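Novice: A single structure is presented below for examination.
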Amino acid sequence: MMEAAIVAGRVTVNGRPATLGERVSGADRITLDGRPVKVVQGPGNHPRVLLYYKPTGEVSTLRDPEGRPTVFDRLPPVRNARWIQIGRLDYNTSGLLVFTTSGELANRLMHPSGGIEREYAVRVLGQLSPEQLDAMRRGVMLEDGLAKFEIIEPRGGQGANRWYQAVIMEGRNREVRRMFEVVGLGVSRLIRTRFGPFKLPETLHRGKWMELSPQVVATLLRELDSPKPS
């Protein structure tokens, strides 16, 4: 087993002893007992990733003390691993949830330093004035600090209801709803349509999941690893 060879000090990466759990790529120079080893990047090298369309009425926890349905109830079983939820949605919010078998990927996408955007479709009763739109782009004060939308744009509506596209960089509890409440508008429907590079597929129905192919996961991981524009 390669693990035993690593522990025994027989494996090197770029001239230094390898360590267990270390990530390598085809660009690294790997040797076993002094002989070159070729790294093959196949499907097994990438974590599994699921996109789930959460309906309202489910809680974003593994188990609920009140016995309510949870977002884990409909997920497929996974062998020798577990599904890790990336971010959360509150009970009355629907839309995209991402699950993965990789703790490293989950941490990268949830850590504040990652600069991950969350995009929502927001329906409110009423309409934001140009001054309110400008204020929400600059930032409004909540009880836990300043919050702002990176993007907040009107997207039409019918009757007294209006839709908005909203993008934020944080995942504070009920942040989108609270920002609208500050300017006097209540959110009647909230749908997350994107989380970082992951978009809610138009063909995915509420309460259903879709697993991304290894090729798509590899592409997304490359995007995350690429330098961000300054």
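By order of appearance in the structure tokens: chains A, B, ..., then residues from 1 within every chain, and ligands from 1 in the order shown.
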What's the 9 Å shell around Ser188 in chain A, counting only C-alpha atoms, without same-chain residues fewer than 4 positions away, as JSON, numbers by chain?

Specialist: {"A": [122, 123, 124, 125, 161]}

Novice: Would you mind listing what lies within 6 Å of range 57-61 of chain A as an mmCIF file with N, CA and C atoms, in the first residue's frame, with only C-alpha atoms counted and same-chain residues fewer than 5 positions away left out?

Specialist:
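Now in result.cif:
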data_model
loop_
_atom_site.group_PDB
_atom_site.id
_atom_site.type_symbol
_atom_site.label_atom_id
_atom_site.label_comp_id
_atom_site.auth_asym_id
_atom_site.auth_seq_id
_atom_site.Cartn_x
_atom_site.Cartn_y
_atom_site.Cartn_z
ATOM 1 N N PRO A 69 -38.708 17.636 8.529
ATOM 2 C CA PRO A 69 -37.845 17.097 7.459
ATOM 3 C C PRO A 69 -36.541 17.880 7.389
ATOM 4 N N THR A 70 -35.459 17.189 7.066
ATOM 5 C CA THR A 70 -34.163 17.854 6.919
ATOM 6 C C THR A 70 -33.669 17.705 5.484
ATOM 7 N N VAL A 71 -32.699 18.541 5.122
ATOM 8 C CA VAL A 71 -32.159 18.514 3.766
ATOM 9 C C VAL A 71 -31.386 17.230 3.488
ATOM 10 N N ARG A 88 -25.819 27.103 4.565
ATOM 11 C CA ARG A 88 -27.156 26.702 5.014
ATOM 12 C C ARG A 88 -28.196 27.625 4.423
ATOM 13 N N TYR A 91 -35.349 27.848 7.213
ATOM 14 C CA TYR A 91 -36.535 27.002 7.022
ATOM 15 C C TYR A 91 -37.434 27.509 5.894
#

Novice: Give the answer as one residue: which of A:Leu133, A:Leu220, A:Glu150, A:Leu32 has the shortest atom-to-atom distance to Phe180 in chain A, using only C-alpha atoms?

Specialist: A:Leu133

Novice: Using only C-alpha atoms, can you tell me which of A:Trp209, A:Tyr52, A:Trp163, A:Phe149 comes closest to Gly95 in chain A?

Specialist: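 Closest candidate: A:Tyr52.
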
Novice: Name all residues at most 10 Å from Ala81 in chain A (count only C-alpha atoms; drop same-chain ones fewer than 2 positions away) and give them as number ranges by chain.

Specialist: A: 48, 77-79, 83-84, 100-102

Novice: Give me a file of those residues, with N, CA and C atoms, as a PDB file, in the first residue's frame.

Specialist:
ATOM      1  N   ARG A  48     -16.855  13.916  -4.475  1.00  0.00           N
ATOM      2  CA  ARG A  48     -18.210  13.922  -5.023  1.00  0.00           C
ATOM      3  C   ARG A  48     -18.896  15.217  -4.627  1.00  0.00           C
ATOM      4  N   PRO A  77     -27.323   7.572  -0.405  1.00  0.00           N
ATOM      5  CA  PRO A  77     -26.294   7.087   0.526  1.00  0.00           C
ATOM      6  C   PRO A  77     -24.919   7.182  -0.107  1.00  0.00           C
ATOM      7  N   VAL A  78     -23.899   7.322   0.722  1.00  0.00           N
ATOM      8  CA  VAL A  78     -22.521   7.383   0.241  1.00  0.00           C
ATOM      9  C   VAL A  78     -21.687   6.428   1.082  1.00  0.00           C
ATOM     10  N   ARG A  79     -20.848   5.623   0.424  1.00  0.00           N
ATOM     11  CA  ARG A  79     -20.047   4.609   1.117  1.00  0.00           C
ATOM     12  C   ARG A  79     -18.707   5.186   1.538  1.00  0.00           C
ATOM     13  N   TRP A  83     -21.873  13.055   3.541  1.00  0.00           N
ATOM     14  CA  TRP A  83     -22.179  14.303   2.858  1.00  0.00           C
ATOM     15  C   TRP A  83     -21.963  15.471   3.819  1.00  0.00           C
ATOM     16  N   ILE A  84     -21.236  16.472   3.349  1.00  0.00           N
ATOM     17  CA  ILE A  84     -20.985  17.693   4.119  1.00  0.00           C
ATOM     18  C   ILE A  84     -21.741  18.822   3.436  1.00  0.00           C
ATOM     19  N   THR A 100     -20.824  17.937  -0.453  1.00  0.00           N
ATOM     20  CA  THR A 100     -19.613  17.305  -0.957  1.00  0.00           C
ATOM     21  C   THR A 100     -19.128  16.263   0.055  1.00  0.00           C
ATOM     22  N   THR A 101     -18.278  15.370  -0.420  1.00  0.00           N
ATOM     23  CA  THR A 101     -17.633  14.402   0.467  1.00  0.00           C
ATOM     24  C   THR A 101     -16.283  14.902   0.955  1.00  0.00           C
ATOM     25  N   SER A 102     -15.882  16.093   0.516  1.00  0.00           N
ATOM     26  CA  SER A 102     -14.557  16.627   0.842  1.00  0.00           C
ATOM     27  C   SER A 102     -14.647  17.721   1.893  1.00  0.00           C
TER      28      SER A 102
END

Novice: List every residue of range 56-212 of chain A that DSSP, applied to the backbone of this structure, assigns to strand (DSSP E or B), and report them as a VMD selection string.

Specialist: chain A and resid 59 70 84 to 86 94 to 100 118 to 125 140 to 142 145 to 147 151 to 154 161 to 168 187 to 195 198 to 199 209 to 211

Novice: Near Gly184 in chain A, within 12 Å and counting only C-alpha atoms, which residues show up once chain neighbours fewer than 6 positions away are dropped, as an mmCIF file with N, CA and C atoms, in the first residue's frame?

Specialist:
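So the final result, stored in out14.cif, reads:
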data_model
loop_
_atom_site.group_PDB
_atom_site.id
_atom_site.type_symbol
_atom_site.label_atom_id
_atom_site.label_comp_id
_atom_site.auth_asym_id
_atom_site.auth_seq_id
_atom_site.Cartn_x
_atom_site.Cartn_y
_atom_site.Cartn_z
ATOM 1 N N VAL A 124 -40.534 40.710 -3.019
ATOM 2 C CA VAL A 124 -41.008 41.537 -1.917
ATOM 3 C C VAL A 124 -42.345 42.160 -2.286
ATOM 4 N N LEU A 125 -43.082 42.514 -1.263
ATOM 5 C CA LEU A 125 -44.326 43.257 -1.453
ATOM 6 C C LEU A 125 -43.977 44.738 -1.392
ATOM 7 N N GLY A 126 -43.984 45.384 -2.545
ATOM 8 C CA GLY A 126 -43.566 46.775 -2.611
ATOM 9 C C GLY A 126 -42.403 46.932 -3.570
ATOM 10 N N GLN A 127 -41.822 48.102 -3.579
ATOM 11 C CA GLN A 127 -40.765 48.410 -4.531
ATOM 12 C C GLN A 127 -39.718 49.304 -3.897
ATOM 13 N N LEU A 128 -38.442 48.988 -4.161
ATOM 14 C CA LEU A 128 -37.354 49.797 -3.647
ATOM 15 C C LEU A 128 -37.225 51.076 -4.471
ATOM 16 N N SER A 129 -37.040 52.187 -3.797
ATOM 17 C CA SER A 129 -36.785 53.441 -4.494
ATOM 18 C C SER A 129 -35.321 53.476 -4.936
ATOM 19 N N GLN A 132 -33.184 53.838 -1.921
ATOM 20 C CA GLN A 132 -33.043 52.608 -1.126
ATOM 21 C C GLN A 132 -32.083 51.623 -1.799
ATOM 22 N N ARG A 177 -33.034 38.811 4.264
ATOM 23 C CA ARG A 177 -34.331 39.232 4.798
ATOM 24 C C ARG A 177 -34.183 40.454 5.710
ATOM 25 N N ARG A 178 -33.168 40.444 6.548
ATOM 26 C CA ARG A 178 -32.996 41.541 7.502
ATOM 27 C C ARG A 178 -32.627 42.843 6.793
#

Novice: Taking the DSSP secondary structure from the backbone, can you list the residues of range 5-113 of chain A that are helix (DSSP H, G or I), as a list in words?

Specialist: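 DSSP on the backbone gives helix (DSSP H, G or I) at Ala5, Ile6, Val7, Pro43, Gly44, Asn45, Gly103, Glu104, Leu105, Ala106, Asn107, Arg108, Leu109, Met110, Pro112 and Ser113 of chain A.
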
Novice: Store the residues of this selection in a file with N, CA and C atoms, as a PDB file, in the first residue's frame.

Specialist:
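Resulting contents of part_24.pdb:
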ATOM      1  N   ALA A   5       4.181   2.814   2.399  1.00  0.00           N
ATOM      2  CA  ALA A   5       5.439   3.285   1.824  1.00  0.00           C
ATOM      3  C   ALA A   5       5.733   4.719   2.237  1.00  0.00           C
ATOM      4  N   ILE A   6       4.693   5.545   2.339  1.00  0.00           N
ATOM      5  CA  ILE A   6       4.891   6.932   2.777  1.00  0.00           C
ATOM      6  C   ILE A   6       5.371   6.968   4.222  1.00  0.00           C
ATOM      7  N   VAL A   7       4.706   6.178   5.079  1.00  0.00           N
ATOM      8  CA  VAL A   7       5.101   6.125   6.493  1.00  0.00           C
ATOM      9  C   VAL A   7       6.540   5.646   6.633  1.00  0.00           C
ATOM     10  N   PRO A  43     -11.281   9.989 -12.171  1.00  0.00           N
ATOM     11  CA  PRO A  43     -12.459  10.364 -11.403  1.00  0.00           C
ATOM     12  C   PRO A  43     -12.303  10.159  -9.911  1.00  0.00           C
ATOM     13  N   GLY A  44     -11.548   9.129  -9.539  1.00  0.00           N
ATOM     14  CA  GLY A  44     -11.403   8.844  -8.126  1.00  0.00           C
ATOM     15  C   GLY A  44     -10.611   9.887  -7.365  1.00  0.00           C
ATOM     16  N   ASN A  45      -9.902  10.774  -8.109  1.00  0.00           N
ATOM     17  CA  ASN A  45      -9.095  11.787  -7.457  1.00  0.00           C
ATOM     18  C   ASN A  45      -9.918  12.983  -6.986  1.00  0.00           C
ATOM     19  N   GLY A 103     -14.073  17.468   3.062  1.00  0.00           N
ATOM     20  CA  GLY A 103     -14.024  18.496   4.091  1.00  0.00           C
ATOM     21  C   GLY A 103     -13.177  19.677   3.669  1.00  0.00           C
ATOM     22  N   GLU A 104     -12.113  19.407   2.922  1.00  0.00           N
ATOM     23  CA  GLU A 104     -11.242  20.493   2.457  1.00  0.00           C
ATOM     24  C   GLU A 104     -11.996  21.432   1.524  1.00  0.00           C
ATOM     25  N   LEU A 105     -12.749  20.869   0.564  1.00  0.00           N
ATOM     26  CA  LEU A 105     -13.518  21.694  -0.361  1.00  0.00           C
ATOM     27  C   LEU A 105     -14.582  22.493   0.389  1.00  0.00           C
ATOM     28  N   ALA A 106     -15.257  21.856   1.334  1.00  0.00           N
ATOM     29  CA  ALA A 106     -16.282  22.544   2.115  1.00  0.00           C
ATOM     30  C   ALA A 106     -15.678  23.726   2.879  1.00  0.00           C
ATOM     31  N   ASN A 107     -14.515  23.521   3.492  1.00  0.00           N
ATOM     32  CA  ASN A 107     -13.882  24.603   4.247  1.00  0.00           C
ATOM     33  C   ASN A 107     -13.481  25.756   3.337  1.00  0.00           C
ATOM     34  N   ARG A 108     -12.970  25.434   2.162  1.00  0.00           N
ATOM     35  CA  ARG A 108     -12.559  26.488   1.220  1.00  0.00           C
ATOM     36  C   ARG A 108     -13.746  27.342   0.797  1.00  0.00           C
ATOM     37  N   LEU A 109     -14.892  26.697   0.575  1.00  0.00           N
ATOM     38  CA  LEU A 109     -16.049  27.422   0.088  1.00  0.00           C
ATOM     39  C   LEU A 109     -16.784  28.181   1.192  1.00  0.00           C
ATOM     40  N   MET A 110     -16.616  27.763   2.438  1.00  0.00           N
ATOM     41  CA  MET A 110     -17.318  28.423   3.533  1.00  0.00           C
ATOM     42  C   MET A 110     -16.467  29.450   4.273  1.00  0.00           C
ATOM     43  N   PRO A 112     -14.567  32.751   5.174  1.00  0.00           N
ATOM     44  CA  PRO A 112     -14.768  34.130   4.719  1.00  0.00           C
ATOM     45  C   PRO A 112     -13.695  34.625   3.746  1.00  0.00           C
ATOM     46  N   SER A 113     -12.477  34.109   3.856  1.00  0.00           N
ATOM     47  CA  SER A 113     -11.397  34.571   2.990  1.00  0.00           C
ATOM     48  C   SER A 113     -11.570  34.104   1.540  1.00  0.00           C
TER      49      SER A 113
END

Novice: Please list as a list in words every residue within 6 Å of Thr93 in chain A, counting only C-alpha atoms and excluding residues in the same chain fewer than 2 positions away.

Specialist: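 That gives Thr56, Leu89, Asp90, Tyr91 and Leu190 of chain A.
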
Novice: One number please: CA of Arg82 in chain A to CA of Glu202 in chain A, in Å, one decimal.

Specialist: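 Distance between the two atoms: 26.6 Å.
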
Novice: Could you pull the residues within 7 Å of Phe195 in chain A, counting only C-alpha atoms, minus those fewer than 6 positions along the same chain, as a list of chain:residue names?

Specialist: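 Result of the neighbour search: A:Glu117, A:Arg118, A:Glu119.
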
Novice: How would the residues just picked look written out with N, CA and C atoms as an mmCIF file, in the first residue's frame?

Specialist:
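Just written: part_1.cif:
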data_model
loop_
_atom_site.group_PDB
_atom_site.id
_atom_site.type_symbol
_atom_site.label_atom_id
_atom_site.label_comp_id
_atom_site.auth_asym_id
_atom_site.auth_seq_id
_atom_site.Cartn_x
_atom_site.Cartn_y
_atom_site.Cartn_z
ATOM 1 N N GLU A 117 -19.441 34.324 -3.592
ATOM 2 C CA GLU A 117 -20.695 35.048 -3.753
ATOM 3 C C GLU A 117 -21.894 34.130 -3.553
ATOM 4 N N ARG A 118 -22.944 34.683 -2.960
ATOM 5 C CA ARG A 118 -24.243 34.010 -2.852
ATOM 6 C C ARG A 118 -25.262 34.858 -3.614
ATOM 7 N N GLU A 119 -25.926 34.252 -4.573
ATOM 8 C CA GLU A 119 -26.892 34.994 -5.387
ATOM 9 C C GLU A 119 -28.313 34.516 -5.100
#
